[in-house]
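To be precise, the following lines are data.tsv, and they hold TSV, C-alpha atoms.
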```
chain	number	residue	atom	x	y	z
A	1	MET	CA	0.00	0.00	0.00
A	2	GLY	CA	2.75	2.47	0.83
A	3	GLY	CA	0.26	4.70	2.63
A	4	ASP	CA	-1.83	4.87	-0.55
A	5	GLU	CA	-5.43	3.68	-0.19
A	6	ARG	CA	-5.52	2.83	-3.89
A	7	GLY	CA	-3.67	-0.28	-2.77
A	8	SER	CA	-6.94	-1.51	-1.28
A	9	ALA	CA	-8.76	-1.16	-4.60
A	10	ASN	CA	-6.91	-3.90	-6.50
A	11	PRO	CA	-9.59	-6.15	-8.09
A	12	GLU	CA	-7.18	-9.09	-7.91
A	13	VAL	CA	-7.34	-9.18	-4.09
A	14	GLY	CA	-11.13	-9.11	-3.82
A	15	LYS	CA	-13.17	-6.73	-1.69
A	16	ASP	CA	-10.60	-5.77	0.93
A	17	LEU	CA	-11.45	-2.66	2.93
A	18	PRO	CA	-8.79	-0.08	3.90
A	19	TYR	CA	-6.79	-0.75	7.04
A	20	CYS	CA	-8.09	0.77	10.27
A	21	VAL	CA	-5.49	2.30	12.57
A	22	PRO	CA	-7.76	2.89	15.62
A	23	ILE	CA	-8.17	-0.38	17.50
A	24	ALA	CA	-11.35	-2.39	16.75
A	25	THR	CA	-13.06	0.17	14.51
A	26	GLN	CA	-12.97	-2.34	11.65
A	27	VAL	CA	-15.30	-4.61	13.65
A	28	SER	CA	-18.07	-2.02	13.49
A	29	HIS	CA	-17.43	-1.56	9.77
A	30	ALA	CA	-17.71	-5.31	9.27
A	31	ALA	CA	-21.11	-5.41	10.94
A	32	GLY	CA	-22.27	-2.53	8.74
A	33	VAL	CA	-21.09	-4.19	5.53
A	34	ALA	CA	-22.68	-7.48	6.61
A	35	ALA	CA	-25.97	-5.64	7.26
A	36	ALA	CA	-25.86	-4.27	3.70
A	37	ILE	CA	-25.22	-7.76	2.33
A	38	LYS	CA	-28.21	-9.13	4.23
A	39	ILE	CA	-30.51	-6.31	3.11
A	40	ARG	CA	-29.51	-6.97	-0.51
A	41	GLY	CA	-30.13	-10.69	-0.09
A	42	GLU	CA	-26.68	-11.60	-1.40
A	43	GLN	CA	-24.94	-14.90	-0.67
A	44	ARG	CA	-21.78	-13.26	0.56
A	45	ALA	CA	-20.04	-12.97	3.90
A	46	VAL	CA	-17.66	-10.65	5.73
A	47	LEU	CA	-14.48	-11.88	7.42
A	48	CYS	CA	-13.20	-9.48	10.08
A	49	THR	CA	-9.89	-10.04	11.86
A	50	CYS	CA	-8.82	-8.35	15.07
A	51	GLY	CA	-6.39	-8.89	17.93
A	52	ASP	CA	-7.02	-9.94	21.52
A	53	GLY	CA	-6.74	-6.31	22.64
A	54	ALA	CA	-9.54	-5.28	20.28
A	55	THR	CA	-12.01	-7.53	22.11
A	56	SER	CA	-11.76	-5.21	25.13
A	57	LYS	CA	-13.00	-2.24	23.11
A	58	GLY	CA	-16.59	-1.09	22.98
A	59	ASP	CA	-16.53	-1.25	19.17
A	60	PHE	CA	-16.07	-5.02	19.32
A	61	LEU	CA	-18.83	-5.63	21.84
A	62	GLU	CA	-21.28	-3.36	20.02
A	63	ALA	CA	-20.54	-5.00	16.66
A	64	ILE	CA	-20.98	-8.59	17.84
A	65	ASN	CA	-24.16	-7.60	19.67
A	66	LEU	CA	-25.55	-6.18	16.43
A	67	ALA	CA	-24.43	-9.25	14.50
A	68	GLY	CA	-26.21	-11.50	16.97
A	69	VAL	CA	-29.46	-9.51	17.04
A	70	TRP	CA	-29.67	-9.14	13.26
A	71	GLN	CA	-28.18	-12.55	12.39
A	72	LEU	CA	-25.60	-10.94	10.15
A	73	PRO	CA	-23.38	-12.85	7.65
A	74	VAL	CA	-20.06	-12.07	9.33
A	75	VAL	CA	-17.20	-14.05	10.88
A	76	PHE	CA	-15.17	-12.39	13.64
A	77	LEU	CA	-11.69	-13.91	13.81
A	78	ILE	CA	-9.74	-13.02	16.96
A	79	ASN	CA	-5.99	-13.42	16.68
A	80	ASN	CA	-5.19	-14.05	20.33
A	81	ASN	CA	-1.41	-13.64	20.29
A	82	GLN	CA	-1.30	-13.13	24.08
A	83	TRP	CA	-0.16	-9.52	23.98
A	84	ALA	CA	-2.16	-6.32	23.35
A	85	ILE	CA	1.01	-4.32	22.71
A	86	SER	CA	2.65	-4.66	26.16
A	87	VAL	CA	-0.44	-5.78	28.10
A	88	PRO	CA	-0.64	-9.57	28.64
A	89	ARG	CA	-3.87	-11.37	27.93
A	90	LYS	CA	-4.30	-12.46	31.57
A	91	ILE	CA	-4.65	-8.90	32.90
A	92	GLN	CA	-6.47	-7.49	29.89
A	93	CYS	CA	-9.61	-9.59	30.25
A	94	GLY	CA	-11.04	-11.54	33.20
A	95	ALA	CA	-13.00	-14.00	31.07
A	96	PRO	CA	-11.51	-17.52	30.82
A	97	THR	CA	-11.62	-17.28	27.01
A	98	LEU	CA	-12.12	-14.55	24.46
A	99	ALA	CA	-14.34	-16.77	22.34
A	100	GLN	CA	-17.02	-16.84	25.01
A	101	LYS	CA	-17.64	-13.14	24.50
A	102	GLY	CA	-19.68	-14.27	21.51
A	103	ILE	CA	-22.04	-16.17	23.81
A	104	GLY	CA	-23.30	-12.94	25.36
A	105	ALA	CA	-24.19	-11.75	21.86
A	106	GLY	CA	-25.98	-14.98	21.02
A	107	ILE	CA	-23.32	-15.96	18.50
A	108	PRO	CA	-21.76	-19.44	18.21
A	109	ALA	CA	-18.16	-19.18	19.38
A	110	LEU	CA	-15.18	-21.52	19.34
A	111	GLN	CA	-11.46	-21.70	19.94
A	112	VAL	CA	-8.92	-23.10	17.50
A	113	ASP	CA	-5.16	-23.60	17.48
A	114	GLY	CA	-4.07	-20.49	15.62
A	115	ASN	CA	-0.73	-22.10	14.78
A	116	ASP	CA	-2.46	-24.97	12.94
A	117	VAL	CA	-2.97	-23.76	9.37
A	118	ILE	CA	-5.15	-26.73	8.41
A	119	ALA	CA	-7.43	-26.36	11.43
A	120	LEU	CA	-7.81	-22.64	10.77
A	121	HIS	CA	-8.71	-23.25	7.15
A	122	GLU	CA	-11.38	-25.73	8.17
A	123	VAL	CA	-13.14	-23.69	10.85
A	124	ILE	CA	-13.01	-20.39	8.93
A	125	SER	CA	-14.31	-22.05	5.75
A	126	GLU	CA	-17.21	-23.63	7.66
A	127	ALA	CA	-18.07	-20.34	9.38
A	128	LEU	CA	-18.03	-18.42	6.10
A	129	LEU	CA	-20.21	-21.04	4.41
A	130	LYS	CA	-22.72	-20.77	7.27
A	131	ALA	CA	-22.76	-17.00	6.93
A	132	ARG	CA	-23.28	-17.16	3.16
A	133	LEU	CA	-26.24	-19.46	3.73
A	134	HIS	CA	-27.83	-16.80	5.96
A	135	LYS	CA	-27.31	-18.81	9.16
A	136	GLY	CA	-25.72	-16.02	11.16
A	137	ALA	CA	-22.38	-14.94	12.55
A	138	THR	CA	-19.53	-16.81	14.24
A	139	VAL	CA	-16.80	-15.76	16.67
A	140	ILE	CA	-13.50	-17.64	16.35
A	141	GLU	CA	-10.61	-17.26	18.80
A	142	ALA	CA	-7.33	-18.39	17.26
A	143	ILE	CA	-4.74	-19.11	19.97
A	144	SER	CA	-1.31	-17.99	18.84
A	145	TYR	CA	1.68	-15.95	20.01
A	146	ARG	CA	3.30	-12.76	18.74
A	147	LEU	CA	6.91	-13.68	18.02
A	148	SER	CA	8.00	-10.20	16.97
A	149	ASP	CA	7.73	-6.72	18.44
A	150	HIS	CA	4.26	-5.18	18.23
A	151	THR	CA	5.50	-2.42	15.92
A	152	THR	CA	8.83	-0.93	14.89
A	153	ALA	CA	8.43	1.43	17.86
A	154	ASP	CA	8.03	-1.46	20.31
A	155	ASP	CA	10.69	-3.34	22.30
A	156	ALA	CA	9.10	-6.60	23.49
A	157	THR	CA	12.16	-7.52	25.58
A	158	ARG	CA	10.96	-4.96	28.13
A	159	TYR	CA	7.85	-6.95	29.08
A	160	ARG	CA	8.42	-10.64	28.25
A	161	THR	CA	11.17	-13.17	28.85
A	162	ASN	CA	13.47	-14.82	26.35
A	163	GLU	CA	12.43	-18.23	27.72
A	164	GLU	CA	8.79	-17.51	26.88
A	165	LEU	CA	9.74	-16.45	23.39
A	166	ARG	CA	11.93	-19.50	22.73
A	167	GLU	CA	9.09	-21.78	23.81
A	168	ALA	CA	6.67	-20.01	21.48
A	169	TRP	CA	9.03	-20.44	18.52
A	170	GLN	CA	8.63	-24.21	18.89
A	171	ARG	CA	5.00	-23.79	17.81
A	172	GLU	CA	5.68	-21.41	14.94
A	173	PRO	CA	3.01	-22.22	12.29
A	174	ILE	CA	4.93	-21.98	9.00
A	175	LYS	CA	7.72	-24.33	10.04
A	176	ARG	CA	5.11	-26.62	11.61
A	177	LEU	CA	3.16	-26.84	8.35
A	178	GLN	CA	6.35	-27.38	6.37
A	179	HIS	CA	7.36	-30.24	8.67
A	180	TYR	CA	3.91	-31.85	8.37
A	181	LEU	CA	3.96	-31.67	4.56
A	182	HIS	CA	7.43	-33.29	4.54
A	183	GLN	CA	6.12	-36.10	6.73
A	184	GLN	CA	3.20	-36.65	4.37
A	185	GLY	CA	5.48	-36.78	1.33
A	186	GLU	CA	3.89	-33.63	-0.12
A	187	TRP	CA	6.95	-31.38	0.14
A	188	ASP	CA	10.69	-31.47	-0.52
A	189	GLU	CA	13.67	-29.16	-0.93
A	190	SER	CA	13.15	-28.59	-4.66
A	191	LYS	CA	9.53	-27.53	-4.11
A	192	GLU	CA	10.67	-25.25	-1.32
A	193	GLN	CA	13.24	-23.54	-3.56
A	194	ARG	CA	10.69	-23.07	-6.36
A	195	LEU	CA	8.22	-21.55	-3.91
A	196	GLN	CA	10.83	-19.17	-2.50
A	197	ALA	CA	11.80	-18.04	-6.01
A	198	GLN	CA	8.16	-17.59	-7.01
A	199	ALA	CA	7.46	-15.56	-3.85
A	200	ALA	CA	10.52	-13.36	-4.44
A	201	ASP	CA	9.37	-12.66	-8.02
A	202	GLN	CA	5.86	-11.86	-6.85
A	203	VAL	CA	7.13	-9.43	-4.23
A	204	GLN	CA	9.45	-7.73	-6.72
A	205	GLN	CA	6.61	-7.32	-9.23
A	206	ALA	CA	4.45	-5.73	-6.56
A	207	VAL	CA	7.28	-3.35	-5.57
A	208	ASP	CA	7.89	-2.37	-9.20
A	209	GLU	CA	4.17	-1.73	-9.75
A	210	TYR	CA	4.03	0.41	-6.61
A	211	LEU	CA	7.08	2.47	-7.60
A	212	GLN	CA	5.62	3.10	-11.07
A	213	THR	CA	2.26	4.28	-9.70
A	214	PRO	CA	1.78	8.05	-10.19
A	215	GLN	CA	1.61	10.03	-6.98
A	216	GLN	CA	-1.79	10.95	-5.60
A	217	SER	CA	-3.11	14.45	-6.05
A	218	LEU	CA	-3.30	16.66	-2.99
A	219	ASP	CA	-7.00	16.98	-3.80
A	220	ASP	CA	-7.54	13.42	-2.61
A	221	LEU	CA	-7.08	14.63	0.97
A	222	PHE	CA	-10.49	16.30	0.70
A	223	PHE	CA	-12.60	13.69	-1.04
A	224	TYR	CA	-14.57	10.68	0.28
A	225	HIS	CA	-15.24	12.20	3.72
A	226	TYR	CA	-18.42	14.19	3.21
A	227	GLU	CA	-21.40	13.99	0.87
A	228	GLN	CA	-21.09	17.76	0.44
A	229	LEU	CA	-17.76	19.47	1.02
A	230	PRO	CA	-17.94	22.00	3.91
A	231	ALA	CA	-17.11	25.61	3.06
A	232	ASP	CA	-13.85	25.67	5.05
A	233	LEU	CA	-12.56	22.55	3.30
A	234	ALA	CA	-13.68	23.88	-0.08
A	235	GLU	CA	-11.47	26.91	0.56
A	236	GLN	CA	-8.54	24.69	1.48
A	237	LEU	CA	-9.19	22.58	-1.63
A	238	SER	CA	-8.87	25.70	-3.75
A	239	ASP	CA	-5.48	26.36	-2.17
A	240	ALA	CA	-4.50	22.71	-2.78
A	241	ASP	CA	-5.44	23.04	-6.46
A	242	MET	CA	-3.13	26.02	-6.72
A	243	ALA	CA	-0.37	24.04	-5.00
A	244	ASN	CA	-0.87	21.19	-7.48
A	245	GLN	CA	-0.55	23.60	-10.37
A	246	LEU	CA	2.63	25.08	-8.96
A	247	GLN	CA	4.02	21.60	-8.34
A	248	GLY	CA	3.29	20.68	-11.94
A	249	LYS	CA	5.15	23.74	-13.18
A	250	VAL	CA	8.14	22.89	-10.97
A	251	VAL	CA	8.24	19.33	-12.32
A	252	GLN	CA	7.94	20.49	-15.90
A	253	GLY	CA	10.69	23.04	-15.31
A	254	ALA	CA	12.96	20.35	-13.85
A	255	LYS	CA	12.36	18.12	-16.90
A	256	HIS	CA	13.09	21.02	-19.24
A	257	ASP	CA	16.32	21.82	-17.43
```

Using structure tokens, write down the structure that the file contains.
Amino acid sequence: MGGDERGSANPEVGKDLPYCVPIATQVSHAAGVAAAIKIRGEQRAVLCTCGDGATSKGDFLEAINLAGVWQLPVVFLINNNQWAISVPRKIQCGAPTLAQKGIGAGIPALQVDGNDVIALHEVISEALLKARLHKGATVIEAISYRLSDHTTADDATRYRTNEELREAWQREPIKRLQHYLHQQGEWDESKEQRLQAQAADQVQQAVDEYLQTPQQSLDDLFFYHYEQLPADLAEQLSDADMANQLQGKVVQGAKHD
């Protein structure tokens, strides 16, 4: 994306909504989109992912309550990685599980091993199929562990031990799946090398496409927020148009030089 919301509009990746920076706001959006799907009578479903910390926000509780009351076609997938930034799961929520929060909303809820790719695929697929068939929402708590820092501004060594981290690495899902496929005779070193090369090419193509994308206009800062642009923003937009024109002249002058 590179901070460019046009990255969410790629038809090849389906109907992905823009990322939400405020915690749990996407859960409310998911309920709203699911409501629209139900009103239209479409056989579609919404998959909404959030972290364990998001389940402590009012947005989450309001959204699952709405989904339960209206029997919305939405699946709420909680990635319980044990840490809401630096706050451990055990002091963030007093409930024995996060999945059971769905019970209060009248939504079927379950836990799954979030490090088991096959198990995740099965339960999410079943929940989405149920939603598409107009049989209501599902809450899924995937038990996992955050192996990295929360963000580039975070230092996880300040609040968790190296021993805890080393133990969690033993359950790392990608290596676990790779080992299982080897055992089943479905994977080998040559397939691994081909996959790595294919992935590297795919990433490079995406980077090249991003770098070749023309920059957004300053005008885009003003659009898509209001049905009718307020007077103060209209005035600022006029100034932005002038800035765009000046920028264009500067670029053209640089090319001419």

Skip stretch 118-130 of chain A itself and residues of its chain fewer than 5 positions away, then list as a PyMOL selection string all residues within 12 Å of it, counting all atoms listed in the file. chain A and resi 34+43-49+71-79+107-113+135-144+173-174+176-178+180-181

Can you list, as number ranges by chain, every protein, DNA or RNA residue that comes within 12 Å of A:Lys175 when you count all atoms listed in the file, leaving out same-chain residues fewer than 6 positions away? A: 115-117, 169, 181-182, 192

Considering all atoms listed in the file, return as a PyMOL selection string whatever protein or nucleic-acid residues lie within 12 Å of A:Thr55, sequence-local ones (same chain, fewer than 2 positions apart) excluded. chain A and resi 23-28+49-53+57-64+76-80+84+89+92-95+97-102+139-141

For A:Ile91, which residue out of A:Thr152, A:Asn65, A:Gln193, A:Ser56 is the nearest one, using all atoms listed in the file?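 Of all the options, A:Ser56 lies closest to A:Ile91.
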
Distance of atom CA of A:Tyr210 from atom CA of A:Ser8, expressed in Å to one decimal place: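 According to the coordinates, atom CA of A:Ser8 and atom CA of A:Tyr210 are separated by 12.3 Å.
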
Could you tell me how far atom CA of A:Arg171 lies from atom CA of A:Ser86, in Å and to one decimal? 21.0 Å

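Note that the spacing between atom CA of A:Leu165 and atom CA of A:Ile85 amounts to 15.0 Å.
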
Taking only C-alpha atoms into account, which of A:Glu172, A:Arg160, A:Leu195, A:Asp241 comes nearest A:Val87? A:Arg160

Residue with the minimum atom-to-atom distance to A:Thr213, picked from A:Lys90, A:Arg6, A:Glu186, A:Pro22 with only C-alpha atoms counted, is A:Arg6

Listed atoms of stretch 67-77 of chain A boxed along x, y and z, 5 Å each side, centre and edge lengths in Å, one decimal, as AutoDock Vina command-line options:
```
--center_x -20.7 --center_y -11.6 --center_z 12.3 --size_x 28.0 --size_y 14.9 --size_z 19.4
```

Pick from A:Ala105, A:Gly2, A:Leu66, A:Ile37, whichever lies nearest to A:Leu211 using all atoms listed in the file: A:Gly2

Quick one: residues within 10 Å of A:Glu5, all atoms listed in the file counted, chain neighbours fewer than 6 positions away excluded, as a PyMOL selection string? chain A and resi 17-19+216
